Amino acid sequence: FFLFYFLFFFFFFLPPNTNTNQQAQASRMSSRALLNFIKPFEPTLAKLVAPFHNTIVGYRRYGLLGDDLINETPIVAEAIRRLPGHELERRNRRIKIASDLSVKHIELPESEWTKPEEDRAYLTPIIEEVEQEWRDRKAFRLN
């Protein structure tokens, strides 16, 4: 898995050695070749890397869910406004507890961490619904 991260970092984030156009073109071609090689294995690689990635990120150690980390944009704000009352209260409570723990530089006891089975997308479906509504409104205004 570290090899995968190394290859990803090496091919996508390091600037190519651009002494000549030929070297830059060769670098782009090699990164395309790697992408074409990895493409068929992408779903499998994602399934293999995801648990380790989520462990490294560490939001579950504070009792958060994945959707609690979504940056607030106007679309997300509208989706949060549409959440049912009990879900909004849970979300606010999780975020307050995580903020408090972060300030104190401590984590929840391991028994209280969010388990992978409990980490569900409660906000993402509403965000997709709001995005679709906004696209429909925009298309209606253009016609």
# chains A, B, ... in the order shown; residues from 1 in each chain; ligands from 1

call {"tool": "residues_around", "arguments": {"residues": "Glu128 of chain A", "least_positions_apart": "6", "cutoff": "12 Å", "atoms": "only C-alpha atoms", "output": "VMD selection string"}}
result
chain A and resid 75 to 76 78 to 79 121 to 122 134 to 135

call {"tool": "residues_around", "arguments": {"residues": "segment 92-101 of chain A", "least_positions_apart": "6", "cutoff": "9 Å", "atoms": "only C-alpha atoms", "output": "VMD selection string"}}
result
chain A and resid 59 61 to 65 68 107 to 108

call {"tool": "write_last_selection", "arguments": {"atoms": "N, CA, C and O atoms", "output": "PDB file, in the first residue's frame"}}
result
ATOM      1  N   TYR A  59     -10.899  10.388  11.874  1.00  0.00           N
ATOM      2  CA  TYR A  59     -12.108  11.068  12.337  1.00  0.00           C
ATOM      3  C   TYR A  59     -12.980  10.165  13.189  1.00  0.00           C
ATOM      4  O   TYR A  59     -13.742  10.642  14.029  1.00  0.00           O
ATOM      5  N   ARG A  61     -12.018   8.252  15.496  1.00  0.00           N
ATOM      6  CA  ARG A  61     -11.514   8.267  16.879  1.00  0.00           C
ATOM      7  C   ARG A  61     -12.186   9.346  17.720  1.00  0.00           C
ATOM      8  O   ARG A  61     -12.134   9.311  18.928  1.00  0.00           O
ATOM      9  N   TYR A  62     -12.787  10.315  17.030  1.00  0.00           N
ATOM     10  CA  TYR A  62     -13.491  11.389  17.729  1.00  0.00           C
ATOM     11  C   TYR A  62     -15.005  11.195  17.689  1.00  0.00           C
ATOM     12  O   TYR A  62     -15.746  12.070  18.120  1.00  0.00           O
ATOM     13  N   GLY A  63     -15.456  10.073  17.148  1.00  0.00           N
ATOM     14  CA  GLY A  63     -16.882   9.785  17.104  1.00  0.00           C
ATOM     15  C   GLY A  63     -17.613  10.423  15.939  1.00  0.00           C
ATOM     16  O   GLY A  63     -18.839  10.473  15.936  1.00  0.00           O
ATOM     17  N   LEU A  64     -16.877  10.923  14.952  1.00  0.00           N
ATOM     18  CA  LEU A  64     -17.501  11.577  13.805  1.00  0.00           C
ATOM     19  C   LEU A  64     -17.855  10.573  12.723  1.00  0.00           C
ATOM     20  O   LEU A  64     -17.293   9.486  12.657  1.00  0.00           O
ATOM     21  N   LEU A  65     -18.768  10.970  11.866  1.00  0.00           N
ATOM     22  CA  LEU A  65     -19.095  10.212  10.660  1.00  0.00           C
ATOM     23  C   LEU A  65     -18.452  10.929   9.468  1.00  0.00           C
ATOM     24  O   LEU A  65     -18.102  12.109   9.552  1.00  0.00           O
ATOM     25  N   ASP A  68     -19.839  14.258   8.390  1.00  0.00           N
ATOM     26  CA  ASP A  68     -19.623  15.391   9.298  1.00  0.00           C
ATOM     27  C   ASP A  68     -18.444  16.246   8.837  1.00  0.00           C
ATOM     28  O   ASP A  68     -18.307  17.394   9.266  1.00  0.00           O
ATOM     29  N   GLU A 107      -8.486  11.670  22.713  1.00  0.00           N
ATOM     30  CA  GLU A 107      -9.414  10.951  21.851  1.00  0.00           C
ATOM     31  C   GLU A 107     -10.423  10.221  22.715  1.00  0.00           C
ATOM     32  O   GLU A 107     -10.203  10.027  23.917  1.00  0.00           O
ATOM     33  N   LEU A 108     -11.512   9.791  22.095  1.00  0.00           N
ATOM     34  CA  LEU A 108     -12.489   8.963  22.802  1.00  0.00           C
ATOM     35  C   LEU A 108     -11.862   7.622  23.158  1.00  0.00           C
ATOM     36  O   LEU A 108     -10.926   7.181  22.491  1.00  0.00           O
TER      37      LEU A 108
END

call {"tool": "atom_distance", "arguments": {"atom1": "atom CA of Val130 of chain A", "atom2": "atom CA of Pro84 of chain A"}}
result
15.0 Å

call {"tool": "closest_residue", "arguments": {"among": "A:Gln132, A:Asp67, A:Lys47, A:Ser111", "to": "Ile80 of chain A", "atoms": "only C-alpha atoms"}}
result
A:Asp67

call {"tool": "atom_distance", "arguments": {"atom1": "atom CA of Gly66 of chain A", "atom2": "atom CA of Asp119 of chain A"}}
result
6.5 Å

call {"tool": "closest_residue", "arguments": {"among": "A:Pro43, A:Arg81, A:Glu110, A:Arg137", "to": "Gly58 of chain A", "atoms": "only C-alpha atoms"}}
result
A:Glu110

call {"tool": "closest_residue", "arguments": {"among": "A:Arg82, A:Glu133, A:Glu72, A:Thr55", "to": "Thr114 of chain A", "atoms": "only C-alpha atoms"}}
result
A:Thr55
